[in-house]
Every structure is written in C-alpha cells, then in structure tokens.
Amino acid sequence: MSDWSTVTRPIPVPTEWTKPFWDAAKRKSLELQRCQACGHFQHPPYATCTKCVSVDLKFEPVRGGGTIYAYTIMYHTGDKRFAPAVPYASIIVELDAAPGALLAGNLLGVPHTEAKVGRRVEVIFETLNDEITLPQFRLAALQPAE
Amino acid sequence: MWENRCKIAVSGVGYSKVSRAADVPLAAHALEAVKGAIEDSGLEMSDIDGLSTYPELPATGHAEVDGISVVSVNCMMAMLKLPSLTWHMQVGNNNIGGAVQTAAAALLAGLCKHVVVWRAMHNPKGTYQNLPGAQAMGPAQFTGPYGFGGPGQHMAVAYTRYLERNNQSRDKMVTLALAQRKHTQHNPHAFFHGTPLSREDYFNSRMVAYPFCLFDCDIPVQGAVAIVMTTAERARDLKPKPAYLASYGQRLHFEVAGRIGSLANYMEGGASSAKLTWERSGFSPKDVDVAQIYDGFSASVIYGLESYGFCKEGEALDYIQDGRIELDGELPLNTFGGSLGTGRIHGLWHIIEGALQASGRAGSRQVKDANVSFVGASAPIVTGTTFIFTREPY
Ligand SMILES: [Zn+2]
C-alpha cells in the first residue's frame with residue numbers, strides 16, 4: 001500500500017470562484033457548483049453552466065458516493081515529493097449525485113491494484129493545513145458484482 | 001466539396017539535428033530547419049514573404065524564453081529580416097496544425113506567396129513535466145494535489161477508461177510501438193534512427209503512468225522542422241513535386257479546462273475535425289493510402305483511428321494488428337516513425353510525412369502508389385487538426 005505519510009502535496013489556492021468548494025471541504029462536506037436554472041451539477045467549477053449557459057450558479061452539498069470513472073497508476077518519480085507513495089492510484093470519480101462532473105482524488109487505504117473502472121468509492125477528507133482540506137476517496141464497503 | 005481543394009501545396013521540407021540535450025539555443029535549430037525547407041523548395045530567402053508558427057513549450061514549470069526555449073514569429077522575423085515579408089501569424093490554439101491552416105488561408109487570400117511554417121521544440125534541463133510548486137493554482141488546484149502533472153497522466157486516465165470499458169488489453173499496443181520503430185529506421189533525421197526496439201524492450205520497460213510504459217511516450221528532444229507552402233499554381237514551377245492540400249479540418253469540441261478523464265473529449269474532438277476534412281475533400285477513410293496520426297502518447301493513435309473513422313470505436317487495438325500498419329499494409333501508419341521515433345517535435349513532422357508520401361518523396365519508406373495521404377496532426381483533444389494531401393491536383 002502506498003505510504004503517504006511523508007508526501008508533501010501541492011496546496012490548492014482557491015479563487016473567489018472556487019472558494020466555496022474548499023470552504024465546504026474544510027467542514028468535511030462536498031459541495032459542487034450547481035446551475036440554479038437547470039439543476040445541473042458540474043466540476044471543475046466554470047463561469048457558466050456547461051449545459052444551459054446560465055450564469056446563475058451556486059455551490060450545493062452532494063453525497064460523496066460514486067464510481068471510479070477512470071484512473072492511472074503513477075510510477076514516475078520526477079517530482080520527489082510524491083516519490084515515497086509510488087506506485088499510487090490517482091482516480092477520477094463520477095458522483096452518483098452529479099453525473100458528468102468528474103472529481104480527481106487518490107484511492108486511499110487499499111493497494112493501488114484495487115483501482116478499477118466502475119468500482120464504488122466514497123469521499124473522505126484529508127486535512128492538509130489550517131486552511132485546506134482535500135476531498136479524497138476510499139473503496140465503498142458494497143461493490144457491484146464483477 | 002471545398003472550392004479551394006488542392007489549390008495550396010507543400011513544396012519544401014527541412015529538419016534540424018534532433019538531440020536530447022539543448023547544447024545550442026533553440027533558435028539555431030529553427031533556423032537550420034527553415035533554411036533547409038527553403039533550400040528544398042528551390043526558393044531563395046528573398047522569396048519568402050510569410051511566416052507562421054505555434055511556439056508553445058509543452059513542458060510545465062519551465063520559463064519560456066524566446067530563442068532559447070521557444071521560437072516565436074517575432075524571433076524568426078528578427079533573425080531573418082526578410083526583405084519581402086508581407087504576412088505573419090502565430091496561433092494560440094489548434095497547435096502547429098493551426099499555423100499551417102492559417103498559412104493556407106493567407107495564401108488563398110493573396111496576402112503572401114511563399115510561407116514558411118516551423119515548429120521548434122525545446123528539451124529543458126531537469127524533469128520535463130513538473131507538478132505545480134508548493135501551490136496548485138487555476139485548474140491544477142483540483143488535480144495537482146493528487147499527483148497529476150503533465151498531459152501524459154491526463155491521457156493515462158482516459159486510456160484506462162478506454163481499455164476497461166472496451167475490454168481491451170494494453171499489451172496489443174506493442175504492435176504500434178514496434179511498427180513505428182521499424183519505420184523509424186528509414187528516417188535518418190529521427191532521434192531513434194539506428195536504435196531498434198524489440199518486443200522484450202517494450203514489455204520490460206518501466207511503467208510511467210499506467211497504462212503508459214516508457215515506449216508509449218515520445219522522448220523529449222531539442223529540434224525543429226519546417227515546411228514551405230505556396231499556391232498549387234506556383235508550386236508546379238518549383239523544384240520538388242508538390243503535395244496538394246486537398247482539405248483540412250479542426251476540432252469543434254472542447255470541454256472545460258481542468259476536466260480530465262473524459263474520453264468523449266478525444267473522440268468528439270477527432271470526429272468533428274475529420275468530418276470537416278472528409279466533407280471538404282470528398283474522400284472517405286477507405287480512400288486513404290497512407291496515414292500519419294499524432295502519437296505524443298500511443299493512445300492518441302488509437303483515439304485517432306476510431307474518431308477519424310478508420311475503424312469502429314473500441315476496435316483500434318485490433319485494427320493495428322496483422323501487418324495492417326506496415327509500409328506494405330492496408331493502412332501504412334506513421335511511416336516516418338511518428339513522434340515515438342523522431343522525438344517530441346509535435347505534429348509538423350506528421351504533416352511533412354503526409355506531404356512527402358503524397359509527392360512520392362519519402363525515399364525507402366515510400367508507400368507504393370500513395371495518392372491520398374491523411375494526417376491527424378495533433379491529439380484529437382484540445383488541439384486536433386486533420387489534413388489530406390494528394391499526389392494529383394484533382
Ligand atoms: Zn444550467
């Protein structure tokens with residue numbers, strides 16, 4: 001299993017448009033940008049609704065359950081900060097509550113070989129510092145039959 | 001059908017030395033390639049009245065210094081001091097294919113007579129793709145903290161989705177890597193000319209970002225290539241046999257910056273560009289005699305083959321088997337070795353090879369009776385452009 005204990009991650013720098021996402025993560029809640037005109041959830045945040053082009057967007061809480069949409073296993077140690085965790089799984093998650101919105105994360109708590117497209121995951125939170133808490137993912141207890 | 005079909009031609013190609021280390025400033029490489037292309041065309045420097053490029057340095061976390069790590073249009077203007085210059089343009093998206101298309105449009109509009117287009121690529125010291133520094137800004141705030149750095153990792157996630165959704169195996173990609181390296185041995189300008197690759201080499205190589213191993217990724221190099229473009233009418237009076245530009249297209253699909261893992265981004269990008277190219281030329285995939293498809297990462301070729309319409313979605317890894325992409329196969333592919341063979345110079349080299357094959361100037365790698373020559377000049381995502389060159393002016 002990847003050892004993350006000595007990895008120093010780059011710290012996200014929120015902008016005024018992404019701040020609500022990070023403020024929510026700090027409260028251990030997942031909030032995504034939602035179009036107030038058509039109800040569409042999207043991530044990463046954008047200036048307009050990617051479905052109906054409305055500019056009326058607000059961040060709203062979503063449940064943190066979803067599936068692995070795609071993943072890669074990182075082996076490259078070009079960035080020494082991540083070298084202690086290699087090989088590790090970086091995953092893209094599609095939340096049940098926000099189809100089409102794609103969140104990046106690492107698959108934590110299991111060997112990297114457990115990353116497979118379609119596996120169920122749930123959000124957990126990793127505190128980086130006083131300001132920033134990172135949404136992350138672990139395998140869900142209940143998996144679809146393979 | 002496009003009314004300007006075959007009214008523009010490529011009439012000269014040039015190369016610099018391609019090396020791993022940046023032992024001379026990139027401007028020297030660009031000059032060598034530009035002078036080579038002009039010489040190949042039989043023109044004089046004083047005949048050149050148009051300049052175009054896409055100068056971006058794809059390496060992340062490195063300074064862009066004109067003449068050292070990029071070669072802009074301004075840089076080339078300052079070096080050449082062209083007495084006849086009437087037009088220049090540098091493109092910001094669509095990669096180098098955009099520079100070629102803009103040059104074609106300028107020639108058609110009568111703004112200039114002979115354009116040089118170059119692509120110069122720098123190999124910075126240290127790690128090519130750096131993760132964000134201590135801070136992850138902009139779209140990287142949602143990806144950098146999880147270890148996502150350069151485009152290879154972004155492409156790798158889409159590739160796992162492709163493989164697992166289509167029940168495909170990455171092992172089949174070895175066929176592409178071996179065929180292209182074999183083709184590379186016919187291209188003396190390529191970085192890997194003289195260096196063969198075996199099946200064992202591919203499977204024993206280190207993994208970079210699964211499913212990509214070392215030989216799925218083009219090697220960063222320092223070098224440049226260039227072409228001379230002119231109208232078909234003028235091209236007929238020049239030294240080399242012209243390669244006629246039958247049509248071109250660009251991707252019409254873009255998803256939000258920072259959205260990664262989406263396969264649709266590649267497929268719809270490629271399909272939209274190819275549709276324009278087929279419709280404008282009147283050709284279809286079955287008319288194509290030889291194809292060059294951008295291969296900065298091997299999976300780009302797979303997405304290209306499918307989204308451009310050469311085979312069905314999910315089937316490209318089977319399509320490339322059984323000799324089909326060899327020089328004497330049904331669809332000779334990346335006949336100059338591709339970026340996997342030449343080193344990372346982006347898509348202008350694919351355009352050069354497309355033109356050389358169409359004009360019958362590809363030497364020992366020439367595909368017999370090649371008439372319709374297809375080029376996908378960059379990854380279908382974000383920067384996709386496609387071209388068809390022909391031997392006959394139709
Ligand atoms: Zn909307």
# chains A, B, ... in the order shown; residues from 1 in each chain; ligands from 1
call {"tool": "interface_residues", "arguments": {"of": "chain A", "to": "chain B", "cutoff": "9 Å", "atoms": "only C-alpha atoms", "output": "number ranges by chain"}}
result
A: 8-15, 43-46, 50, 69-79, 82, 90-92, 101-106, 116-117, 134, 136
call {"tool": "residues_around", "arguments": {"residues": "range 305-311 of chain B", "least_positions_apart": "2", "cutoff": "8 Å", "atoms": "only C-alpha atoms", "output": "number ranges by chain"}}
result
B: 266-271, 273-275, 285-286, 293, 301-303, 313-316, 319
call {"tool": "write_last_selection", "arguments": {"atoms": "N, CA, C and O atoms", "output": "compact mmCIF listing (two decimals), in the first residue's frame"}}
result
# COMPACT_ATOMS: atom_id res chain seq x y z
N TYR B 266 -11.67 13.40 -26.45
CA TYR B 266 -10.82 12.96 -27.55
C TYR B 266 -11.66 12.56 -28.76
O TYR B 266 -11.39 12.93 -29.89
N MET B 267 -12.68 11.76 -28.50
CA MET B 267 -13.45 11.17 -29.60
C MET B 267 -14.24 12.23 -30.36
O MET B 267 -14.25 12.24 -31.59
N GLU B 268 -14.89 13.13 -29.65
CA GLU B 268 -15.68 14.16 -30.33
C GLU B 268 -14.79 15.20 -30.97
O GLU B 268 -15.11 15.75 -32.03
N GLY B 269 -13.63 15.46 -30.34
CA GLY B 269 -12.66 16.37 -30.96
C GLY B 269 -12.18 15.83 -32.29
O GLY B 269 -12.21 16.52 -33.32
N GLY B 270 -11.78 14.57 -32.29
CA GLY B 270 -11.27 13.95 -33.51
C GLY B 270 -12.34 13.82 -34.58
O GLY B 270 -12.12 14.11 -35.76
N ALA B 271 -13.52 13.40 -34.17
CA ALA B 271 -14.60 13.17 -35.13
C ALA B 271 -15.01 14.47 -35.82
O ALA B 271 -15.26 14.50 -37.03
N SER B 273 -13.20 17.19 -36.34
CA SER B 273 -12.16 17.65 -37.26
C SER B 273 -12.15 16.80 -38.53
O SER B 273 -12.07 17.32 -39.64
N ALA B 274 -12.27 15.49 -38.35
CA ALA B 274 -12.23 14.58 -39.50
C ALA B 274 -13.43 14.81 -40.42
O ALA B 274 -13.31 14.80 -41.64
N LYS B 275 -14.61 15.06 -39.83
CA LYS B 275 -15.83 15.26 -40.62
C LYS B 275 -15.63 16.41 -41.61
O LYS B 275 -15.95 16.30 -42.80
N PRO B 285 -12.50 7.51 -45.34
CA PRO B 285 -11.36 6.73 -44.83
C PRO B 285 -10.92 5.61 -45.78
O PRO B 285 -9.74 5.32 -45.87
N LYS B 286 -11.86 5.02 -46.51
CA LYS B 286 -11.46 3.88 -47.37
C LYS B 286 -10.63 4.34 -48.58
O LYS B 286 -9.98 3.52 -49.23
N ILE B 293 -0.75 9.76 -37.85
CA ILE B 293 -1.64 10.16 -36.76
C ILE B 293 -0.79 10.47 -35.53
O ILE B 293 0.01 9.64 -35.09
N VAL B 301 -3.09 7.64 -31.09
CA VAL B 301 -3.26 6.99 -32.39
C VAL B 301 -4.54 6.17 -32.39
O VAL B 301 -5.29 6.15 -33.37
N ILE B 302 -4.78 5.51 -31.27
CA ILE B 302 -5.98 4.66 -31.14
C ILE B 302 -7.24 5.53 -31.22
O ILE B 302 -8.17 5.23 -31.97
N TYR B 303 -7.24 6.63 -30.45
CA TYR B 303 -8.40 7.54 -30.48
C TYR B 303 -8.56 8.13 -31.88
O TYR B 303 -9.67 8.34 -32.36
N GLU B 313 -15.35 2.27 -32.92
CA GLU B 313 -14.93 2.62 -31.58
C GLU B 313 -14.68 1.34 -30.76
O GLU B 313 -15.47 0.40 -30.81
N GLY B 314 -13.55 1.32 -30.07
CA GLY B 314 -13.20 0.18 -29.24
C GLY B 314 -12.41 -0.88 -29.98
O GLY B 314 -11.98 -1.86 -29.38
N GLU B 315 -12.19 -0.70 -31.30
CA GLU B 315 -11.56 -1.76 -32.10
C GLU B 315 -10.16 -1.45 -32.62
O GLU B 315 -9.54 -2.29 -33.26
N ALA B 316 -9.66 -0.24 -32.35
CA ALA B 316 -8.39 0.16 -32.98
C ALA B 316 -7.20 -0.72 -32.57
O ALA B 316 -6.30 -0.95 -33.37
N TYR B 319 -7.42 -3.44 -34.86
CA TYR B 319 -7.23 -2.95 -36.24
C TYR B 319 -5.75 -2.85 -36.60
O TYR B 319 -5.36 -3.13 -37.74
call {"tool": "residues_near_ligand", "arguments": {"ligand": "ligand 1", "cutoff": "12 Å", "atoms": "only C-alpha atoms and all ligand atoms", "output": "JSON, numbers by chain"}}
result
{"A": [33, 34, 35, 36, 37, 38, 39, 40, 41, 42, 46, 47, 48, 49, 50, 51, 52, 53, 54, 55, 56, 57, 58]}
call {"tool": "write_last_selection", "arguments": {"atoms": "C-alpha atoms", "output": "PDB file, in the first residue's frame"}}
result
ATOM      1  CA  GLN A  33     -21.313  24.092  -8.425  1.00  0.00           C
ATOM      2  CA  ARG A  34     -24.982  23.749  -9.372  1.00  0.00           C
ATOM      3  CA  CYS A  35     -26.877  25.597 -12.048  1.00  0.00           C
ATOM      4  CA  GLN A  36     -29.884  27.336 -10.490  1.00  0.00           C
ATOM      5  CA  ALA A  37     -31.645  27.441 -13.856  1.00  0.00           C
ATOM      6  CA  CYS A  38     -31.483  23.792 -14.917  1.00  0.00           C
ATOM      7  CA  GLY A  39     -30.252  21.951 -11.799  1.00  0.00           C
ATOM      8  CA  HIS A  40     -27.072  20.612 -13.441  1.00  0.00           C
ATOM      9  CA  PHE A  41     -24.095  19.889 -11.140  1.00  0.00           C
ATOM     10  CA  GLN A  42     -20.623  20.484 -12.584  1.00  0.00           C
ATOM     11  CA  TYR A  46     -16.776  27.103 -14.566  1.00  0.00           C
ATOM     12  CA  ALA A  47     -18.018  30.579 -15.393  1.00  0.00           C
ATOM     13  CA  THR A  48     -21.263  29.306 -16.905  1.00  0.00           C
ATOM     14  CA  CYS A  49     -23.451  26.215 -16.739  1.00  0.00           C
ATOM     15  CA  THR A  50     -21.932  23.743 -19.209  1.00  0.00           C
ATOM     16  CA  LYS A  51     -25.438  22.530 -20.019  1.00  0.00           C
ATOM     17  CA  CYS A  52     -27.611  25.649 -20.428  1.00  0.00           C
ATOM     18  CA  VAL A  53     -25.070  28.536 -20.290  1.00  0.00           C
ATOM     19  CA  SER A  54     -26.804  30.147 -17.319  1.00  0.00           C
ATOM     20  CA  VAL A  55     -24.518  32.246 -15.092  1.00  0.00           C
ATOM     21  CA  ASP A  56     -26.718  31.625 -12.057  1.00  0.00           C
ATOM     22  CA  LEU A  57     -24.506  29.087 -10.267  1.00  0.00           C
ATOM     23  CA  LYS A  58     -24.303  28.212  -6.572  1.00  0.00           C
TER      24      LYS A  58
END
call {"tool": "closest_residue", "arguments": {"among": "B:His193, B:His29, B:His350, B:Lys81", "to": "Ala120 in chain B", "atoms": "only C-alpha atoms"}}
result
B:His29
call {"tool": "residues_around", "arguments": {"residues": "Arg391 in chain B", "least_positions_apart": "4", "cutoff": "6 Å", "atoms": "only C-alpha atoms", "output": "list in words"}}
result
Ala243, Ala358, Ser359 and Asn371 of chain B
call {"tool": "write_last_selection", "arguments": {"atoms": "C-alpha atoms", "output": "PDB file, in the first residue's frame"}}
result
ATOM      1  CA  ALA B 243       1.925  17.738 -52.306  1.00  0.00           C
ATOM      2  CA  ALA B 358       1.742  12.324 -51.362  1.00  0.00           C
ATOM      3  CA  SER B 359       4.502  13.754 -53.537  1.00  0.00           C
ATOM      4  CA  ASN B 371      -2.148   9.186 -53.641  1.00  0.00           C
TER       5      ASN B 371
END
call {"tool": "atom_distance", "arguments": {"atom1": "CA of Val91 in chain B", "atom2": "CA of Gln357 in chain B"}}
result
26.3 Å
